[in-house]
>>> print(open('target13.tsv').read())   # TSV, N, CA and C atoms
chain	number	residue	atom	x	y	z
A	19	MET	N	67.40	16.28	-48.37
A	19	MET	CA	66.82	15.61	-49.52
A	19	MET	C	66.34	14.24	-49.08
A	20	ASN	N	65.04	14.01	-49.25
A	20	ASN	CA	64.47	12.72	-48.90
A	20	ASN	C	64.30	11.90	-50.17
A	21	LEU	N	65.15	10.90	-50.33
A	21	LEU	CA	65.15	10.10	-51.56
A	21	LEU	C	63.87	9.29	-51.72
A	22	ASN	N	63.22	8.97	-50.63
A	22	ASN	CA	61.99	8.19	-50.70
A	22	ASN	C	60.82	8.96	-51.28
A	23	ASP	N	60.87	10.29	-51.21
A	23	ASP	CA	59.75	11.11	-51.66
A	23	ASP	C	59.92	11.67	-53.07
A	24	MET	N	61.00	11.31	-53.75
A	24	MET	CA	61.22	11.84	-55.09
A	24	MET	C	60.16	11.30	-56.05
A	25	LYS	N	59.70	12.18	-56.91
A	25	LYS	CA	58.73	11.79	-57.93
A	25	LYS	C	59.48	11.43	-59.21
A	26	TRP	N	58.95	10.46	-59.93
A	26	TRP	CA	59.58	9.96	-61.15
A	26	TRP	C	58.66	10.23	-62.34
A	27	SER	N	59.18	10.93	-63.34
A	27	SER	CA	58.42	11.17	-64.57
A	27	SER	C	58.40	9.90	-65.41
A	28	LYS	N	57.57	9.89	-66.42
A	28	LYS	CA	57.49	8.73	-67.32
A	28	LYS	C	58.85	8.49	-67.99
A	29	THR	N	59.50	9.57	-68.44
A	29	THR	CA	60.82	9.45	-69.08
A	29	THR	C	61.85	8.90	-68.11
A	30	GLU	N	61.81	9.38	-66.88
A	30	GLU	CA	62.75	8.89	-65.87
A	30	GLU	C	62.51	7.42	-65.57
A	31	LYS	N	61.27	7.02	-65.51
A	31	LYS	CA	60.95	5.61	-65.27
A	31	LYS	C	61.48	4.73	-66.41
A	32	GLU	N	61.35	5.21	-67.65
A	32	GLU	CA	61.86	4.46	-68.80
A	32	GLU	C	63.39	4.38	-68.76
A	33	THR	N	64.03	5.49	-68.44
A	33	THR	CA	65.50	5.52	-68.32
A	33	THR	C	65.95	4.57	-67.22
A	34	ALA	N	65.29	4.64	-66.09
A	34	ALA	CA	65.64	3.79	-64.95
A	34	ALA	C	65.48	2.32	-65.32
A	35	ARG	N	64.40	1.98	-65.97
A	35	ARG	CA	64.16	0.59	-66.36
A	35	ARG	C	65.24	0.08	-67.31
A	36	ARG	N	65.63	0.92	-68.29
A	36	ARG	CA	66.68	0.53	-69.24
A	36	ARG	C	68.01	0.29	-68.52
A	37	ALA	N	68.40	1.21	-67.64
A	37	ALA	CA	69.67	1.07	-66.91
A	37	ALA	C	69.63	-0.16	-66.00
A	38	PHE	N	68.52	-0.35	-65.32
A	38	PHE	CA	68.33	-1.48	-64.42
A	38	PHE	C	68.46	-2.79	-65.20
A	39	GLU	N	67.74	-2.90	-66.30
A	39	GLU	CA	67.76	-4.13	-67.11
A	39	GLU	C	69.13	-4.38	-67.72
A	40	LYS	N	69.80	-3.31	-68.16
A	40	LYS	CA	71.14	-3.45	-68.73
A	40	LYS	C	72.08	-4.08	-67.71
A	41	ALA	N	72.07	-3.54	-66.50
A	41	ALA	CA	72.95	-4.06	-65.44
A	41	ALA	C	72.61	-5.50	-65.10
A	42	TYR	N	71.32	-5.78	-64.99
A	42	TYR	CA	70.89	-7.13	-64.63
A	42	TYR	C	71.30	-8.14	-65.70
A	43	ARG	N	71.06	-7.82	-66.94
A	43	ARG	CA	71.46	-8.72	-68.04
A	43	ARG	C	72.97	-8.92	-68.07
A	44	LYS	N	73.71	-7.83	-67.88
A	44	LYS	CA	75.17	-7.91	-67.92
A	44	LYS	C	75.70	-8.79	-66.78
A	45	GLU	N	75.18	-8.59	-65.58
A	45	GLU	CA	75.64	-9.39	-64.44
A	45	GLU	C	75.23	-10.85	-64.60
A	46	CYS	N	74.03	-11.11	-65.09
A	46	CYS	CA	73.59	-12.50	-65.30
A	46	CYS	C	74.42	-13.19	-66.37
A	47	ALA	N	74.78	-12.46	-67.42
A	47	ALA	CA	75.61	-13.05	-68.48
A	47	ALA	C	76.98	-13.42	-67.93
A	48	GLU	N	77.54	-12.56	-67.09
A	48	GLU	CA	78.84	-12.87	-66.49
A	48	GLU	C	78.73	-14.08	-65.56
A	49	MET	N	77.65	-14.14	-64.79
A	49	MET	CA	77.45	-15.27	-63.90
A	49	MET	C	77.26	-16.56	-64.71
A	50	ALA	N	76.53	-16.50	-65.79
A	50	ALA	CA	76.32	-17.69	-66.62
A	50	ALA	C	77.64	-18.19	-67.19
A	51	ALA	N	78.50	-17.28	-67.60
A	51	ALA	CA	79.81	-17.68	-68.12
A	51	ALA	C	80.63	-18.38	-67.04
A	52	ARG	N	80.59	-17.85	-65.82
A	52	ARG	CA	81.32	-18.49	-64.72
A	52	ARG	C	80.77	-19.88	-64.43
A	53	ILE	N	79.45	-20.01	-64.45
A	53	ILE	CA	78.82	-21.30	-64.16
A	53	ILE	C	79.15	-22.31	-65.27
A	54	ARG	N	79.12	-21.86	-66.53
A	54	ARG	CA	79.48	-22.76	-67.63
A	54	ARG	C	80.91	-23.27	-67.47
A	55	ALA	N	81.81	-22.37	-67.09
A	55	ALA	CA	83.21	-22.77	-66.89
A	55	ALA	C	83.32	-23.78	-65.76
A	56	LEU	N	82.61	-23.54	-64.67
A	56	LEU	CA	82.63	-24.49	-63.55
A	56	LEU	C	82.00	-25.83	-63.95
A	57	ALA	N	80.91	-25.78	-64.66
A	57	ALA	CA	80.21	-27.00	-65.07
A	57	ALA	C	81.10	-27.89	-65.93
A	58	ALA	N	81.96	-27.26	-66.70
A	58	ALA	CA	82.86	-28.02	-67.58
A	58	ALA	C	83.89	-28.82	-66.78
A	59	THR	N	84.05	-28.50	-65.51
A	59	THR	CA	85.06	-29.18	-64.69
A	59	THR	C	84.45	-30.17	-63.70
A	60	VAL	N	83.13	-30.36	-63.75
A	60	VAL	CA	82.46	-31.24	-62.79
A	60	VAL	C	82.91	-32.69	-62.98
A	61	LEU	N	83.40	-33.26	-61.87
A	61	LEU	CA	83.81	-34.67	-61.88
A	61	LEU	C	83.14	-35.47	-60.77
A	62	THR	N	82.73	-34.77	-59.71
A	62	THR	CA	82.20	-35.46	-58.54
A	62	THR	C	80.89	-34.82	-58.09
A	63	PRO	N	80.15	-35.53	-57.27
A	63	PRO	CA	78.94	-34.92	-56.70
A	63	PRO	C	79.26	-33.65	-55.90
A	64	GLU	N	80.43	-33.62	-55.28
A	64	GLU	CA	80.83	-32.43	-54.52
A	64	GLU	C	80.99	-31.22	-55.45
A	65	ASP	N	81.47	-31.47	-56.65
A	65	ASP	CA	81.60	-30.39	-57.63
A	65	ASP	C	80.22	-29.82	-57.97
A	66	LEU	N	79.24	-30.70	-58.12
A	66	LEU	CA	77.87	-30.24	-58.39
A	66	LEU	C	77.33	-29.44	-57.22
A	67	ARG	N	77.63	-29.91	-56.01
A	67	ARG	CA	77.17	-29.22	-54.82
A	67	ARG	C	77.78	-27.82	-54.73
A	68	ARG	N	79.04	-27.70	-55.10
A	68	ARG	CA	79.71	-26.41	-55.09
A	68	ARG	C	79.03	-25.44	-56.06
A	69	ILE	N	78.64	-25.93	-57.23
A	69	ILE	CA	77.93	-25.09	-58.19
A	69	ILE	C	76.56	-24.70	-57.65
A	70	HIS	N	75.88	-25.65	-57.05
A	70	HIS	CA	74.57	-25.36	-56.45
A	70	HIS	C	74.70	-24.28	-55.38
A	71	ASP	N	75.69	-24.43	-54.51
A	71	ASP	CA	75.90	-23.45	-53.44
A	71	ASP	C	76.23	-22.07	-54.01
A	72	LEU	N	77.04	-22.03	-55.05
A	72	LEU	CA	77.37	-20.76	-55.68
A	72	LEU	C	76.12	-20.12	-56.28
A	73	LEU	N	75.31	-20.90	-56.96
A	73	LEU	CA	74.08	-20.37	-57.54
A	73	LEU	C	73.13	-19.85	-56.46
A	74	THR	N	73.03	-20.55	-55.36
A	74	THR	CA	72.17	-20.11	-54.26
A	74	THR	C	72.66	-18.78	-53.70
A	75	LYS	N	73.96	-18.68	-53.48
A	75	LYS	CA	74.55	-17.43	-52.97
A	75	LYS	C	74.34	-16.28	-53.95
A	76	GLU	N	74.60	-16.55	-55.21
A	76	GLU	CA	74.44	-15.51	-56.24
A	76	GLU	C	72.98	-15.08	-56.34
A	77	ARG	N	72.06	-16.00	-56.25
A	77	ARG	CA	70.64	-15.68	-56.33
A	77	ARG	C	70.23	-14.75	-55.19
A	78	ARG	N	70.70	-15.06	-53.98
A	78	ARG	CA	70.38	-14.20	-52.83
A	78	ARG	C	70.94	-12.80	-53.03
A	79	GLN	N	72.19	-12.72	-53.46
A	79	GLN	CA	72.82	-11.41	-53.66
A	79	GLN	C	72.14	-10.63	-54.77
A	80	THR	N	71.79	-11.31	-55.84
A	80	THR	CA	71.14	-10.65	-56.96
A	80	THR	C	69.75	-10.16	-56.56
A	81	ASP	N	69.01	-10.99	-55.86
A	81	ASP	CA	67.67	-10.58	-55.41
A	81	ASP	C	67.75	-9.36	-54.49
A	82	GLU	N	68.77	-9.32	-53.65
A	82	GLU	CA	68.94	-8.18	-52.74
A	82	GLU	C	69.33	-6.92	-53.52
A	83	LYS	N	70.23	-7.08	-54.45
A	83	LYS	CA	70.76	-5.93	-55.18
A	83	LYS	C	69.75	-5.33	-56.15
A	84	TYR	N	69.08	-6.17	-56.91
A	84	TYR	CA	68.20	-5.68	-57.97
A	84	TYR	C	66.79	-5.45	-57.46
A	85	ASP	N	66.66	-4.42	-56.68
A	85	ASP	CA	65.38	-3.99	-56.12
A	85	ASP	C	64.92	-2.78	-56.94
A	86	CYS	N	63.83	-2.93	-57.67
A	86	CYS	CA	63.44	-1.85	-58.59
A	86	CYS	C	62.38	-0.92	-58.01
A	87	ARG	N	62.19	-0.95	-56.70
A	87	ARG	CA	61.27	0.01	-56.10
A	87	ARG	C	61.89	1.41	-56.21
A	88	TYR	N	61.09	2.36	-56.62
A	88	TYR	CA	61.60	3.72	-56.82
A	88	TYR	C	62.16	4.31	-55.52
A	89	SER	N	61.67	3.86	-54.38
A	89	SER	CA	62.14	4.39	-53.10
A	89	SER	C	63.60	4.03	-52.82
A	90	VAL	N	64.12	2.99	-53.47
A	90	VAL	CA	65.51	2.57	-53.24
A	90	VAL	C	66.35	2.58	-54.51
A	91	LEU	N	65.76	2.93	-55.62
A	91	LEU	CA	66.43	2.81	-56.90
A	91	LEU	C	67.70	3.64	-57.02
A	92	LEU	N	67.75	4.81	-56.41
A	92	LEU	CA	68.96	5.62	-56.49
A	92	LEU	C	70.11	4.95	-55.74
A	93	PHE	N	69.80	4.28	-54.64
A	93	PHE	CA	70.82	3.50	-53.93
A	93	PHE	C	71.30	2.35	-54.81
A	94	VAL	N	70.36	1.70	-55.49
A	94	VAL	CA	70.71	0.60	-56.39
A	94	VAL	C	71.63	1.11	-57.50
A	95	PHE	N	71.28	2.24	-58.10
A	95	PHE	CA	72.11	2.78	-59.18
A	95	PHE	C	73.51	3.15	-58.68
A	96	ALA	N	73.61	3.70	-57.49
A	96	ALA	CA	74.94	4.02	-56.94
A	96	ALA	C	75.76	2.73	-56.80
A	97	ARG	N	75.13	1.69	-56.33
A	97	ARG	CA	75.84	0.41	-56.17
A	97	ARG	C	76.23	-0.17	-57.53
A	98	LEU	N	75.33	-0.12	-58.49
A	98	LEU	CA	75.62	-0.67	-59.82
A	98	LEU	C	76.74	0.11	-60.50
A	99	LEU	N	76.76	1.43	-60.31
A	99	LEU	CA	77.85	2.24	-60.83
A	99	LEU	C	79.16	1.85	-60.16
A	100	HIS	N	79.13	1.74	-58.85
A	100	HIS	CA	80.33	1.38	-58.09
A	100	HIS	C	80.88	0.03	-58.54
A	101	GLU	N	80.01	-0.92	-58.79
A	101	GLU	CA	80.43	-2.26	-59.17
A	101	GLU	C	80.73	-2.39	-60.66
A	102	GLY	N	80.43	-1.34	-61.43
A	102	GLY	CA	80.77	-1.34	-62.85
A	102	GLY	C	79.73	-1.97	-63.77
A	103	TRP	N	78.54	-2.22	-63.27
A	103	TRP	CA	77.51	-2.83	-64.11
A	103	TRP	C	76.85	-1.82	-65.03
A	104	ILE	N	76.87	-0.56	-64.66
A	104	ILE	CA	76.40	0.53	-65.52
A	104	ILE	C	77.41	1.66	-65.44
A	105	VAL	N	77.27	2.62	-66.35
A	105	VAL	CA	78.07	3.85	-66.33
A	105	VAL	C	77.10	5.01	-66.20
A	106	GLU	N	77.61	6.15	-65.81
A	106	GLU	CA	76.72	7.28	-65.54
A	106	GLU	C	75.89	7.69	-66.75
A	107	THR	N	76.43	7.52	-67.94
A	107	THR	CA	75.65	7.89	-69.14
A	107	THR	C	74.40	7.02	-69.28
A	108	ASP	N	74.38	5.85	-68.66
A	108	ASP	CA	73.17	5.02	-68.68
A	108	ASP	C	72.01	5.69	-67.94
A	109	LEU	N	72.33	6.66	-67.11
A	109	LEU	CA	71.31	7.34	-66.32
A	109	LEU	C	70.86	8.66	-66.96
A	110	GLN	N	71.39	8.98	-68.13
A	110	GLN	CA	70.95	10.19	-68.82
A	110	GLN	C	69.47	10.05	-69.14
A	111	GLY	N	68.72	11.03	-68.71
A	111	GLY	CA	67.27	10.99	-68.83
A	111	GLY	C	66.63	11.14	-67.46
A	112	LEU	N	67.45	10.94	-66.42
A	112	LEU	CA	66.98	11.21	-65.06
A	112	LEU	C	67.15	12.70	-64.79
A	113	ALA	N	66.32	13.25	-63.93
A	113	ALA	CA	66.43	14.65	-63.54
A	113	ALA	C	67.76	14.87	-62.82
A	114	GLU	N	68.25	16.08	-62.88
A	114	GLU	CA	69.54	16.42	-62.28
A	114	GLU	C	69.57	16.11	-60.78
A	115	ASP	N	68.45	16.31	-60.08
A	115	ASP	CA	68.46	16.02	-58.64
A	115	ASP	C	68.71	14.54	-58.36
A	116	LYS	N	68.22	13.68	-59.24
A	116	LYS	CA	68.44	12.24	-59.06
A	116	LYS	C	69.89	11.86	-59.40
A	117	ILE	N	70.41	12.46	-60.46
A	117	ILE	CA	71.82	12.23	-60.82
A	117	ILE	C	72.72	12.68	-59.68
A	118	MET	N	72.44	13.85	-59.14
A	118	MET	CA	73.24	14.37	-58.02
A	118	MET	C	73.13	13.45	-56.80
A	119	ALA	N	71.94	12.93	-56.54
A	119	ALA	CA	71.76	12.02	-55.40
A	119	ALA	C	72.57	10.74	-55.61
A	120	VAL	N	72.57	10.21	-56.82
A	120	VAL	CA	73.36	9.00	-57.10
A	120	VAL	C	74.84	9.29	-56.91
A	121	ARG	N	75.30	10.43	-57.41
A	121	ARG	CA	76.72	10.80	-57.22
A	121	ARG	C	77.05	10.93	-55.73
A	122	PHE	N	76.15	11.56	-54.99
A	122	PHE	CA	76.33	11.74	-53.55
A	122	PHE	C	76.46	10.38	-52.86
A	123	LEU	N	75.58	9.45	-53.21
A	123	LEU	CA	75.61	8.11	-52.63
A	123	LEU	C	76.85	7.36	-53.07
A	124	LEU	N	77.23	7.51	-54.31
A	124	LEU	CA	78.39	6.82	-54.87
A	124	LEU	C	79.68	7.26	-54.18
A	125	ASN	N	79.75	8.51	-53.83
A	125	ASN	CA	80.94	9.04	-53.19
A	125	ASN	C	80.99	8.73	-51.70
A	126	GLY	N	80.04	7.95	-51.23
A	126	GLY	CA	80.04	7.53	-49.83
A	126	GLY	C	79.67	8.61	-48.86
A	127	SER	N	79.00	9.64	-49.36
A	127	SER	CA	78.65	10.76	-48.50
A	127	SER	C	77.41	10.50	-47.67
A	128	ALA	N	76.76	9.39	-47.93
A	128	ALA	CA	75.54	9.09	-47.19
A	128	ALA	C	75.63	7.71	-46.58
A	129	GLY	N	75.08	7.57	-45.42
A	129	GLY	CA	75.04	6.27	-44.76
A	129	GLY	C	73.85	5.46	-45.25
A	130	PRO	N	73.69	4.25	-44.76
A	130	PRO	CA	72.62	3.39	-45.20
A	130	PRO	C	71.23	3.88	-44.84
A	131	ASP	N	71.13	4.78	-43.85
A	131	ASP	CA	69.81	5.27	-43.47
A	131	ASP	C	69.58	6.68	-43.97
A	132	ALA	N	70.27	7.08	-45.04
A	132	ALA	CA	70.08	8.42	-45.62
A	132	ALA	C	68.68	8.52	-46.18
A	133	GLY	N	68.15	9.72	-46.17
A	133	GLY	CA	66.84	9.93	-46.77
A	133	GLY	C	65.89	10.23	-45.75
>>> encode(input="target13.tsv", output="structure tokens")
Amino acid sequence: MNLNDMKWSKTEKETARRAFEKAYRKECAEMAARIRALAATVLTPEDLRRIHDLLTKERRQTDEKYDCRYSVLLFVFARLLHEGWIVETDLQGLAEDKIMAVRFLLNGSAGPDAG
């Protein structure tokens, strides 16, 4: 199964977009809450620097994780499921082959160069 060559129907694209956006909003909301809590404790310039560094790190990780290219989206969904940002029912609307591929990836049955 070559994940890069899978075709996406209009319904699947809409489902994927909803799941992707749900996870992104959820993770950003959690990050915002953490930053607000940290900001409330700022007393020194070093405290501000620590928040800046955390935001920079989080931005890099988020940019890496939330890649919406269809060629990598099933890997993204497996990661988001693993991390708890979405649940499998969020993917209802995808074809069974895509659901099976996400499960396969989630169970660690494929390496990083699968496909």
>>> atom_distance(input="target13.tsv", atom1="CA of Met49 (chain A)", atom2="CA of Leu91 (chain A)")
22.3 Å
>>> closest_residue(input="target13.tsv", among="A:Leu98, A:Asp108, A:Gln79, A:Leu92", to="Val120 (chain A)", atoms="all atoms listed in the file")
A:Leu92
>>> closest_residue(input="target13.tsv", among="A:Arg87, A:Asn20, A:Ala34, A:Asp71", to="Leu109 (chain A)", atoms="only N, CA and C atoms")
A:Ala34
>>> closest_residue(input="target13.tsv", among="A:Glu82, A:Lys40, A:Thr29, A:Thr74", to="Leu99 (chain A)", atoms="only C-alpha atoms")
A:Lys40
>>> select_by_dssp(input="target13.tsv", residues="chain A", states="helix (DSSP H, G or I)", output="VMD selection string")
chain A and resid 21 to 23 28 to 57 63 to 83 91 to 101 106 to 109 114 to 124
>>> closest_residue(input="target13.tsv", among="A:Met24, A:Tyr42, A:Ile117, A:Ile104", to="Lys83 (chain A)", atoms="only C-alpha atoms")
A:Tyr42
>>> closest_residue(input="target13.tsv", among="A:Leu73, A:Ala37, A:Ile53, A:Ala47", to="Phe95 (chain A)", atoms="all atoms listed in the file")
A:Ala37
>>> closest_residue(input="target13.tsv", among="A:Lys31, A:Arg77, A:His70, A:Lys44", to="Gly111 (chain A)", atoms="all atoms listed in the file")
A:Lys31
>>> atom_distance(input="target13.tsv", atom1="atom C of Leu123 (chain A)", atom2="atom N of Lys75 (chain A)")
26.2 Å
>>> atom_distance(input="target13.tsv", atom1="atom N of Leu124 (chain A)", atom2="atom C of Ser89 (chain A)")
14.1 Å
